[in-house]
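The file target.txt comes next; it holds compact mmCIF, C-alpha atoms and all ligand atoms.
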```txt
# COMPACT_ATOMS: atom_id res chain seq x y z
CA MET A 18 -8.98 24.83 9.02
CA PRO A 19 -5.54 26.11 8.06
CA ASN A 20 -5.37 29.83 8.62
CA ASN A 21 -3.92 31.59 5.60
CA ASP A 22 -4.09 35.12 6.91
CA LYS A 23 -1.26 36.82 8.67
CA ASN A 24 -3.63 37.58 11.53
CA ASP A 25 -6.61 35.53 12.59
CA LYS A 26 -9.98 37.19 13.09
CA ASN A 27 -9.07 38.09 16.66
CA GLY A 28 -5.95 39.86 15.47
CA ASN A 29 -3.58 37.23 16.92
CA THR A 30 -0.39 36.42 15.08
CA ILE A 31 -0.74 33.22 13.06
CA THR A 32 0.87 30.08 14.22
CA VAL A 33 3.32 28.37 11.89
CA PRO A 34 3.70 24.69 12.72
CA PHE A 35 7.07 23.11 12.07
CA LEU A 36 5.55 20.49 9.77
CA ASN A 37 1.88 19.70 9.37
CA LEU A 38 1.55 16.26 7.78
CA GLN A 39 -2.24 16.53 7.54
CA ASP A 40 -1.79 19.54 5.25
CA VAL A 41 0.97 17.75 3.31
CA ASN A 42 -1.18 14.69 2.63
CA ARG A 43 -4.63 16.30 2.32
CA PRO A 44 -4.35 16.87 -1.47
CA TYR A 45 -3.88 13.11 -1.99
CA MET A 46 -6.61 11.90 0.36
CA GLY A 47 -9.11 10.91 -2.35
CA GLU A 48 -6.57 9.11 -4.53
CA MET A 49 -5.04 7.36 -1.53
CA ALA A 50 -8.40 6.14 -0.29
CA ALA A 51 -9.18 4.76 -3.76
CA VAL A 52 -5.92 2.78 -4.09
CA ALA A 53 -6.25 1.57 -0.51
CA GLU A 54 -9.65 0.13 -1.39
CA GLN A 55 -8.22 -1.53 -4.51
CA ILE A 56 -5.41 -3.12 -2.54
CA ILE A 57 -7.68 -4.31 0.25
CA GLN A 58 -9.89 -5.90 -2.44
CA SER A 59 -6.91 -7.49 -4.19
CA GLY A 60 -5.97 -9.59 -1.16
CA TRP A 61 -2.24 -9.16 -1.94
CA TYR A 62 -0.51 -6.89 0.54
CA ILE A 63 3.24 -7.51 0.48
CA ARG A 64 5.54 -7.54 -2.57
CA GLY A 65 2.58 -7.40 -4.91
CA SER A 66 2.13 -5.37 -8.06
CA ALA A 67 1.86 -1.98 -6.30
CA CYS A 68 5.31 -2.55 -4.81
CA THR A 69 6.82 -3.65 -8.14
CA THR A 70 5.25 -0.66 -9.89
CA PHE A 71 6.62 1.81 -7.38
CA GLU A 72 10.07 0.23 -7.48
CA ARG A 73 10.14 0.64 -11.29
CA GLN A 74 8.90 4.24 -11.08
CA PHE A 75 11.38 5.24 -8.40
CA ALA A 76 14.32 3.60 -10.19
CA ASP A 77 13.37 5.50 -13.37
CA TYR A 78 12.95 8.72 -11.41
CA CYS A 79 16.42 8.40 -9.87
CA GLY A 80 17.93 7.31 -13.19
CA VAL A 81 19.13 3.87 -12.09
CA GLU A 82 18.33 0.29 -13.07
CA HIS A 83 17.14 -1.08 -9.75
CA CYS A 84 15.08 -0.04 -6.77
CA VAL A 85 14.46 -2.52 -3.95
CA GLY A 86 11.77 -1.61 -1.44
CA VAL A 87 12.69 -2.35 2.18
CA GLY A 88 11.22 -1.72 5.64
CA ASN A 89 12.73 1.70 6.37
CA GLY A 90 15.76 3.93 5.79
CA LEU A 91 17.92 2.35 8.49
CA GLU A 92 17.33 -1.07 6.91
CA ALA A 93 18.16 0.31 3.47
CA LEU A 94 21.59 1.33 4.79
CA THR A 95 22.16 -1.81 6.87
CA LEU A 96 21.06 -4.28 4.19
CA THR A 97 23.36 -2.64 1.65
CA LEU A 98 26.38 -2.91 3.96
CA ASN A 99 25.41 -6.53 4.78
CA ALA A 100 24.98 -7.43 1.13
CA TRP A 101 28.41 -6.03 0.25
CA GLN A 102 29.89 -8.30 2.92
CA ILE A 103 28.00 -11.34 1.63
CA LEU A 104 29.11 -10.55 -1.92
CA GLY A 105 32.73 -10.35 -0.74
CA LYS A 106 33.11 -6.64 -1.50
CA ILE A 107 33.63 -5.66 2.14
CA SER A 108 35.49 -7.89 4.56
CA PRO A 109 34.14 -8.27 8.11
CA GLY A 110 35.41 -5.71 10.60
CA SER A 111 36.26 -3.13 7.92
CA GLU A 112 36.03 0.59 8.53
CA VAL A 113 33.32 2.75 7.01
CA ILE A 114 33.85 6.51 6.88
CA ILE A 115 30.79 8.58 7.80
CA PRO A 116 30.23 12.27 8.59
CA GLY A 117 30.11 13.19 12.29
CA HIS A 118 27.15 15.47 11.63
CA THR A 119 24.28 13.19 10.64
CA PHE A 120 21.15 11.45 11.89
CA ILE A 121 21.91 8.51 14.22
CA ALA A 122 20.76 5.92 11.65
CA THR A 123 23.89 6.42 9.52
CA ALA A 124 26.08 5.31 12.44
CA LEU A 125 23.69 2.58 13.60
CA ALA A 126 23.71 0.95 10.16
CA VAL A 127 27.50 0.65 10.19
CA ILE A 128 27.53 -0.76 13.72
CA ASP A 129 24.57 -3.12 13.04
CA SER A 130 26.47 -4.53 10.07
CA GLY A 131 29.41 -5.46 12.26
CA LEU A 132 31.59 -2.76 10.70
CA THR A 133 33.51 0.06 12.38
CA PRO A 134 32.32 3.64 11.88
CA VAL A 135 35.07 6.21 11.36
CA PHE A 136 33.69 9.70 11.91
CA VAL A 137 35.05 12.66 9.98
CA ASP A 138 34.28 16.28 10.74
CA VAL A 139 32.07 18.24 8.37
CA VAL A 140 32.71 21.51 6.57
CA ASP A 141 31.40 24.68 8.14
CA ASP A 142 29.45 26.20 5.26
CA THR A 143 27.99 23.02 3.74
CA PHE A 144 27.26 20.90 6.84
CA LEU A 145 28.61 17.96 4.78
CA LEU A 146 31.70 15.78 4.69
CA SER A 147 34.50 16.90 2.38
CA THR A 148 36.77 14.87 0.14
CA ASN A 149 39.84 16.17 2.00
CA GLU A 150 38.59 14.99 5.39
CA VAL A 151 37.68 11.60 3.91
CA ALA A 152 41.09 11.26 2.25
CA ALA A 153 42.80 11.92 5.60
CA ALA A 154 40.73 9.21 7.31
CA ILE A 155 41.47 6.37 4.87
CA THR A 156 43.43 3.42 6.30
CA GLU A 157 44.13 -0.05 4.86
CA ARG A 158 40.98 -1.26 6.66
CA THR A 159 38.66 1.30 5.02
CA ALA A 160 36.07 -0.37 2.78
CA ALA A 161 33.39 2.22 2.15
CA VAL A 162 32.26 5.83 2.55
CA VAL A 163 28.72 6.93 3.35
CA ALA A 164 27.89 10.30 1.77
CA VAL A 165 24.94 11.80 3.65
CA HIS A 166 23.07 14.43 1.62
CA LEU A 167 22.10 16.09 4.89
CA TYR A 168 19.14 18.49 4.92
CA GLY A 169 18.65 17.70 1.21
CA ARG A 170 21.93 19.17 -0.04
CA PRO A 171 23.89 16.81 -2.30
CA VAL A 172 27.46 16.06 -1.30
CA ASP A 173 30.10 17.22 -3.83
CA VAL A 174 30.25 13.70 -5.23
CA ASP A 175 32.60 13.90 -8.24
CA PRO A 176 35.87 14.37 -6.32
CA LEU A 177 34.66 11.97 -3.62
CA LYS A 178 33.84 9.25 -6.16
CA GLN A 179 37.27 9.73 -7.74
CA LEU A 180 38.91 9.32 -4.35
CA CYS A 181 36.83 6.19 -3.65
CA ASP A 182 37.66 4.67 -7.03
CA ALA A 183 41.37 5.40 -6.59
CA ASN A 184 41.35 3.63 -3.21
CA GLY A 185 38.99 0.75 -4.05
CA LEU A 186 36.26 2.04 -1.72
CA LEU A 187 32.52 1.66 -2.16
CA LEU A 188 30.39 4.81 -2.05
CA LEU A 189 26.98 4.56 -0.38
CA GLU A 190 24.65 7.55 -0.48
CA ASP A 191 22.44 8.18 2.53
CA ALA A 192 19.74 9.94 0.53
CA ALA A 193 17.07 9.75 3.25
CA GLN A 194 16.73 13.55 3.20
CA ALA A 195 17.38 14.15 -0.48
CA HIS A 196 14.67 12.62 -2.68
CA GLY A 197 14.81 14.45 -6.00
CA ALA A 198 17.93 16.50 -5.20
CA LYS A 199 20.28 16.89 -8.16
CA TYR A 200 24.04 17.09 -8.48
CA LYS A 201 25.21 18.40 -11.88
CA GLY A 202 21.93 17.26 -13.41
CA ARG A 203 22.04 13.76 -11.88
CA ARG A 204 19.58 12.70 -9.19
CA SER A 205 20.54 11.62 -5.71
CA GLY A 206 20.22 7.84 -5.70
CA SER A 207 22.37 7.56 -8.83
CA LEU A 208 25.57 9.19 -7.58
CA GLY A 209 27.33 6.32 -5.79
CA ASP A 210 27.52 2.52 -5.94
CA ALA A 211 24.19 2.34 -4.10
CA ALA A 212 21.85 4.69 -2.25
CA ALA A 213 19.57 4.32 0.74
CA PHE A 214 16.23 6.16 0.96
CA SER A 215 13.71 6.50 3.77
CA PHE A 216 9.99 7.10 3.18
CA TYR A 217 9.28 8.01 6.81
CA PRO A 218 6.20 10.31 6.75
CA GLY A 219 8.14 13.55 7.29
CA LYS A 220 10.65 13.01 4.45
CA ASN A 221 10.39 14.78 1.08
CA LEU A 222 8.78 11.61 -0.29
CA GLY A 223 6.91 10.28 2.71
CA ALA A 224 4.59 7.30 3.13
CA LEU A 225 1.85 6.93 5.76
CA GLY A 226 4.04 4.63 7.79
CA ASP A 227 7.57 3.27 7.59
CA GLY A 228 9.22 2.48 4.29
CA GLY A 229 12.59 2.59 2.57
CA ALA A 230 14.44 1.61 -0.58
CA VAL A 231 17.86 0.95 -2.04
CA THR A 232 18.68 2.19 -5.53
CA THR A 233 21.61 0.88 -7.57
CA ASN A 234 22.82 -0.12 -11.03
CA ASP A 235 24.37 -3.31 -9.61
CA ASN A 236 22.21 -6.37 -10.48
CA GLU A 237 23.95 -8.64 -8.03
CA LEU A 238 23.58 -6.17 -5.17
CA ALA A 239 19.89 -5.59 -5.91
CA ASP A 240 19.17 -9.34 -5.98
CA CYS A 241 21.09 -9.90 -2.76
CA ILE A 242 19.26 -7.10 -0.89
CA ARG A 243 15.91 -8.32 -2.19
CA SER A 244 16.64 -11.79 -0.81
CA LEU A 245 18.15 -10.54 2.46
CA GLY A 246 15.00 -8.55 3.19
CA ASN A 247 12.90 -11.64 2.56
CA TYR A 248 14.48 -14.05 5.10
CA GLY A 249 17.39 -14.59 2.75
CA SER A 250 15.33 -16.31 0.10
CA ALA A 251 14.55 -15.56 -3.53
CA GLU A 252 12.52 -18.73 -3.90
CA LYS A 253 9.92 -19.47 -1.24
CA TYR A 254 11.25 -21.66 1.61
CA VAL A 255 14.71 -21.88 0.03
CA ASN A 256 17.12 -19.78 2.08
CA ILE A 257 20.49 -18.93 0.65
CA TYR A 258 21.40 -16.24 3.23
CA ALA A 259 20.64 -15.76 6.91
CA GLY A 260 18.36 -12.85 6.12
CA ARG A 261 15.70 -10.88 7.90
CA ASN A 262 12.26 -9.47 7.24
CA SER A 263 12.46 -5.98 5.75
CA ARG A 264 9.98 -5.24 2.99
CA LEU A 265 8.01 -2.30 1.62
CA ASP A 266 4.31 -3.17 1.78
CA ASP A 267 1.93 -2.57 -1.10
CA LEU A 268 -0.23 0.04 0.61
CA GLN A 269 2.78 2.24 1.32
CA ALA A 270 4.14 1.63 -2.19
CA ALA A 271 0.82 2.68 -3.74
CA PHE A 272 0.71 5.86 -1.62
CA LEU A 273 4.30 6.59 -2.65
CA SER A 274 3.46 6.19 -6.37
CA ILE A 275 0.79 8.85 -5.97
CA LYS A 276 3.11 11.24 -4.15
CA LEU A 277 6.09 10.59 -6.45
CA ARG A 278 4.19 12.29 -9.29
CA HIS A 279 4.17 15.48 -7.22
CA LEU A 280 7.68 15.28 -5.76
CA ASP A 281 9.26 17.72 -8.23
CA ASP A 282 6.50 20.28 -7.62
CA ASP A 283 6.82 19.81 -3.86
CA ASN A 284 10.59 20.30 -4.03
CA GLU A 285 10.08 23.37 -6.24
CA HIS A 286 7.80 24.80 -3.56
CA ARG A 287 10.51 24.12 -0.95
CA ARG A 288 13.08 25.85 -3.19
CA ARG A 289 10.88 28.94 -3.53
CA VAL A 290 10.50 29.10 0.24
CA ALA A 291 14.27 28.66 0.70
CA SER A 292 15.02 31.41 -1.77
CA ARG A 293 12.62 33.80 -0.03
CA TYR A 294 14.33 33.02 3.30
CA ALA A 295 17.72 33.59 1.68
CA LYS A 296 16.69 36.95 0.21
CA GLU A 297 14.45 38.32 2.91
CA ILE A 298 16.03 37.18 6.17
CA THR A 299 18.45 40.02 6.79
CA ASN A 300 19.20 39.59 10.48
CA PRO A 301 23.02 39.55 10.89
CA ALA A 302 22.67 37.38 14.02
CA VAL A 303 21.30 34.55 11.90
CA CYS A 304 23.65 32.61 9.65
CA LEU A 305 21.83 31.22 6.61
CA PRO A 306 22.65 28.04 4.67
CA THR A 307 24.60 28.49 1.45
CA CYS A 308 23.87 26.96 -1.91
CA VAL A 309 26.06 26.75 -5.00
CA ARG A 310 25.42 26.49 -8.71
CA GLY A 311 25.14 22.99 -10.10
CA LEU A 312 23.29 21.76 -7.03
CA GLU A 313 19.54 21.30 -6.86
CA HIS A 314 18.99 21.25 -3.12
CA ALA A 315 15.90 19.31 -1.98
CA TRP A 316 15.52 21.55 1.12
CA HIS A 317 14.29 18.78 3.37
CA LEU A 318 15.26 21.14 6.17
CA TYR A 319 16.12 24.84 6.23
CA VAL A 320 18.79 25.04 8.91
CA VAL A 321 20.21 28.32 10.20
CA ARG A 322 22.88 28.86 12.84
CA VAL A 323 22.68 31.22 15.80
CA GLN A 324 24.84 31.84 18.87
CA SER A 325 22.14 31.66 21.54
CA ARG A 326 19.88 28.97 20.22
CA HIS A 327 17.60 28.80 23.22
CA ARG A 328 16.89 32.56 23.14
CA PHE A 329 16.27 32.45 19.39
CA GLN A 330 13.88 29.53 19.63
CA LYS A 331 12.02 31.17 22.54
CA HIS A 332 11.70 34.39 20.55
CA LEU A 333 10.25 32.57 17.55
CA GLU A 334 7.92 30.59 19.76
CA GLN A 335 6.57 33.83 21.23
CA GLN A 336 5.94 34.99 17.65
CA GLY A 337 3.96 31.81 16.95
CA ILE A 338 6.68 30.07 14.92
CA ALA A 339 7.61 26.47 15.70
CA THR A 340 11.23 25.41 15.17
CA SER A 341 13.21 22.22 15.64
CA VAL A 342 16.84 21.16 16.07
CA HIS A 343 18.56 18.68 13.73
CA TYR A 344 20.33 17.52 15.78
CA PRO A 345 21.03 18.48 19.41
CA ILE A 346 23.56 15.67 20.15
CA PRO A 347 25.97 14.23 17.55
CA PRO A 348 26.10 10.41 17.25
CA HIS A 349 29.58 10.18 18.82
CA LYS A 350 28.33 11.93 21.98
CA GLN A 351 25.23 9.75 22.46
CA VAL A 352 24.91 7.71 25.67
CA ALA A 353 24.31 4.65 23.48
CA PHE A 354 27.95 4.73 22.31
CA PRO A 355 30.25 5.01 25.33
CA ALA A 356 33.19 3.83 23.22
CA LEU A 357 32.88 6.87 20.92
CA GLN A 358 32.82 9.61 23.58
CA HIS A 359 36.53 10.39 23.28
CA ILE A 360 36.20 11.42 19.62
CA SER A 361 36.54 15.16 19.00
CA LEU A 362 34.91 16.79 15.94
CA PRO A 363 34.96 20.57 16.58
CA THR A 364 32.86 21.74 13.61
CA THR A 365 30.27 19.01 14.12
CA GLU A 366 30.04 19.80 17.82
CA ALA A 367 29.70 23.55 17.19
CA MET A 368 26.88 22.85 14.73
CA HIS A 369 25.03 20.73 17.24
CA ARG A 370 25.08 23.73 19.60
CA GLU A 371 24.01 26.32 17.02
CA VAL A 372 21.65 24.79 14.43
CA VAL A 373 17.94 25.64 14.29
CA SER A 374 15.53 24.39 11.63
CA LEU A 375 12.92 26.86 10.37
CA PRO A 376 9.58 25.61 9.02
CA ILE A 377 9.69 24.47 5.38
CA SER A 378 7.37 22.01 3.64
CA PRO A 379 5.19 21.60 0.55
CA ALA A 380 2.26 22.80 2.65
CA ILE A 381 3.71 26.03 4.05
CA THR A 382 1.80 29.07 2.75
CA GLU A 383 3.10 32.49 1.59
CA PRO A 384 1.70 34.30 4.67
CA GLN A 385 3.34 31.69 6.89
CA VAL A 386 6.68 32.19 5.12
CA GLN A 387 6.27 35.95 5.59
CA ALA A 388 5.53 35.42 9.29
CA VAL A 389 8.72 33.38 9.69
CA ILE A 390 10.79 36.04 7.89
CA ASP A 391 9.32 38.87 9.98
CA ALA A 392 9.84 37.01 13.23
CA VAL A 393 13.44 36.08 12.42
CA ASN A 394 14.25 39.67 11.40
CA LEU A 395 12.79 40.95 14.67
CA TYR A 396 15.16 38.82 16.75
CA ARG A 397 17.77 40.73 18.76
CA THR A 398 20.75 39.02 20.40
CA SER A 399 20.50 41.25 23.46
CA PRO A 400 17.35 42.77 24.94
CA SER A 401 16.68 46.20 23.43
CA PRO A 402 17.13 49.16 25.82
C1 LIG A 501 15.45 9.45 8.32
C2 LIG A 501 16.86 9.15 8.11
C3 LIG A 501 17.35 7.83 8.12
C4 LIG A 501 16.56 6.66 8.59
O1 LIG A 501 15.35 6.44 7.96
P1 LIG A 501 14.18 5.65 8.72
O2 LIG A 501 13.22 5.33 7.65
O3 LIG A 501 13.63 6.57 9.76
O4 LIG A 501 14.78 4.42 9.33
C5 LIG A 501 18.67 7.63 7.78
N1 LIG A 501 19.50 8.64 7.48
C6 LIG A 501 19.09 9.92 7.49
C7 LIG A 501 20.05 11.00 7.11
C8 LIG A 501 17.75 10.22 7.82
O5 LIG A 501 17.35 11.50 7.84
```
Would it be possible to restate this file's structure as structure tokens?
Amino acid sequence: MPNNDKNDKNGNTITVPFLNLQDVNRPYMGEMAAVAEQIIQSGWYIRGSACTTFERQFADYCGVEHCVGVGNGLEALTLTLNAWQILGKISPGSEVIIPGHTFIATALAVIDSGLTPVFVDVVDDTFLLSTNEVAAAITERTAAVVAVHLYGRPVDVDPLKQLCDANGLLLLEDAAQAHGAKYKGRRSGSLGDAAAFSFYPGKNLGALGDGGAVTTNDNELADCIRSLGNYGSAEKYVNIYAGRNSRLDDLQAAFLSIKLRHLDDDNEHRRRVASRYAKEITNPAVCLPTCVRGLEHAWHLYVVRVQSRHRFQKHLEQQGIATSVHYPIPPHKQVAFPALQHISLPTTEAMHREVVSLPISPAITEPQVQAVIDAVNLYRTSPSP
């Protein structure tokens, strides 16, 4: 049973999990079980009507013409970059500009597609890439920019899109953390030439397994990605591309249709939690994320910065609060990429030393939020005398 009191019956401080997916999905259990039964009965499990229905709903939700369901978020990014090469919009070996501060998948997708990632440092108070940094990184080999709406905060897209248009660059959104986020009234997924989403269980719109999608207004791109994810064929046993298998299955699509109806409410809950943290966390040792007007942050993560992360996390743990770090090692410093080690991105690297994610989710309760606030405000940088 979730404990909604500040203290349990033994007077112990409540425990706040970082993210409890059982609590997140419990409200949909009945509906999910019913559609699962329908799908099992239907005998059609991949690219059936549940998938088509969800694709239509999600495209409408994002405000674009097409949504193509794929296997996961990494595939959504990779297939888009591959399709642009097949369609002659990116030439092989081109450079793709990405933020240094991101989840590893952004970099992997560029490398997997045979393209060269060019990392740019992020801006201190937004955690995101800036148009100025991107402009400085453009060379004659640059073909595209990936705008990662990290933690759910939309990138300032208007100036970036202008820059891309002026230089003939494609703009791909990595919206894996930003389902439902809005920039000047427009949804993430509709802000670039294409967008990649992940439906990994912990995301704002999460399935009960892996899933992903690409959204775009480009017919040709949507058709190409749909074929690429289906062995390179649009017609059975006729292969026009050397494709792969990357599809969204009907069970996941049906679960996602159920949860999509509640996404705005879930994000609203996250926003209320974020605004309580912003107002009520008053500890000067803890640097809070900023937000500006015109942005509807999806608050996938609530990330603060502290000088002594280990001490801070230990303190919260002793108070019964779970935290996490997104992310401890930037992509360019990962053992997997020896060729990138020499790159220096001071702001990105400082963030990777200082960031801590506090609990935030559609299932977090008011007493839990209060417990987080109290525990954070109690933190002292040096032991009290
Ligand atoms: C989760 C995530 C991905 C990858 O999605 P998967 O479905 O896990 O492959 C890509 N980019 C970002 C920013 C993510 O958070």
Write out as a PDB file with C-alpha atoms, in the frame of the given file each polymer residue (protein, DNA or RNA) that has an atom no more than 8 Å from ligand LIG 501 (chain A), with all atoms listed in the file counted.
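Saved as pocket-v6.pdb:
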```pdb
ATOM      1  CA  GLY A  88      11.220  -1.720   5.640  1.00  0.00           C
ATOM      2  CA  ASN A  89      12.730   1.700   6.370  1.00  0.00           C
ATOM      3  CA  GLY A  90      15.760   3.930   5.790  1.00  0.00           C
ATOM      4  CA  LEU A  91      17.920   2.350   8.490  1.00  0.00           C
ATOM      5  CA  GLU A  92      17.330  -1.070   6.910  1.00  0.00           C
ATOM      6  CA  ALA A  93      18.160   0.310   3.470  1.00  0.00           C
ATOM      7  CA  LEU A  94      21.590   1.330   4.790  1.00  0.00           C
ATOM      8  CA  THR A 119      24.280  13.190  10.640  1.00  0.00           C
ATOM      9  CA  PHE A 120      21.150  11.450  11.890  1.00  0.00           C
ATOM     10  CA  ILE A 121      21.910   8.510  14.220  1.00  0.00           C
ATOM     11  CA  ALA A 122      20.760   5.920  11.650  1.00  0.00           C
ATOM     12  CA  THR A 123      23.890   6.420   9.520  1.00  0.00           C
ATOM     13  CA  VAL A 165      24.940  11.800   3.650  1.00  0.00           C
ATOM     14  CA  HIS A 166      23.070  14.430   1.620  1.00  0.00           C
ATOM     15  CA  LEU A 167      22.100  16.090   4.890  1.00  0.00           C
ATOM     16  CA  TYR A 168      19.140  18.490   4.920  1.00  0.00           C
ATOM     17  CA  ASP A 191      22.440   8.180   2.530  1.00  0.00           C
ATOM     18  CA  ALA A 192      19.740   9.940   0.530  1.00  0.00           C
ATOM     19  CA  ALA A 193      17.070   9.750   3.250  1.00  0.00           C
ATOM     20  CA  GLN A 194      16.730  13.550   3.200  1.00  0.00           C
ATOM     21  CA  ALA A 213      19.570   4.320   0.740  1.00  0.00           C
ATOM     22  CA  PHE A 214      16.230   6.160   0.960  1.00  0.00           C
ATOM     23  CA  SER A 215      13.710   6.500   3.770  1.00  0.00           C
ATOM     24  CA  PHE A 216       9.990   7.100   3.180  1.00  0.00           C
ATOM     25  CA  TYR A 217       9.280   8.010   6.810  1.00  0.00           C
ATOM     26  CA  LYS A 220      10.650  13.010   4.450  1.00  0.00           C
ATOM     27  CA  ASP A 227       7.570   3.270   7.590  1.00  0.00           C
ATOM     28  CA  GLY A 228       9.220   2.480   4.290  1.00  0.00           C
ATOM     29  CA  GLY A 229      12.590   2.590   2.570  1.00  0.00           C
TER      30      GLY A 229
END
```
Per-residue nearest contacts of stretch 41-153 of chain A to stretch 245-266 of chain A (8 Å; all atoms listed in the file) as CSV:
```
residue,atom,partner,partner_atom,distance
A:Tyr62,CA,A:Asp266,CA,6.2
A:Ile63,CA,A:Asp266,CA,4.7
A:Arg64,CA,A:Asp266,CA,6.3
A:Cys68,CA,A:Asp266,CA,6.7
A:Gly86,CA,A:Leu265,CA,4.9
A:Val87,CA,A:Arg264,CA,4.0
A:Gly88,CA,A:Ser263,CA,4.4
A:Asn89,CA,A:Ser263,CA,7.7
A:Glu92,CA,A:Ser263,CA,7.0
A:Leu96,CA,A:Leu245,CA,7.1
A:Ala100,CA,A:Leu245,CA,7.6
```
### Message
For a test of reading the model, state the distance in Å between atom CA of A:Glu112 and atom CA of A:Ala161, rounded to one decimal.
### Response
7.1 Å
### Task
Could you give me, as a VMD selection string, the residues within 12 Å of A:Leu180, counting only C-alpha atoms and dropping anything in the same chain fewer than 2 positions from it?
chain A and resid 147 to 155 161 to 162 173 to 178 182 to 188
### Task
Please identify all polymer residues within 9 Å of A:Val393, counting all atoms listed in the file, omitting same-chain residues fewer than 4 positions from it, and present them as an MDAnalysis selection string.
chainID A and resid 298:300 303 329 332:333 388:389 397
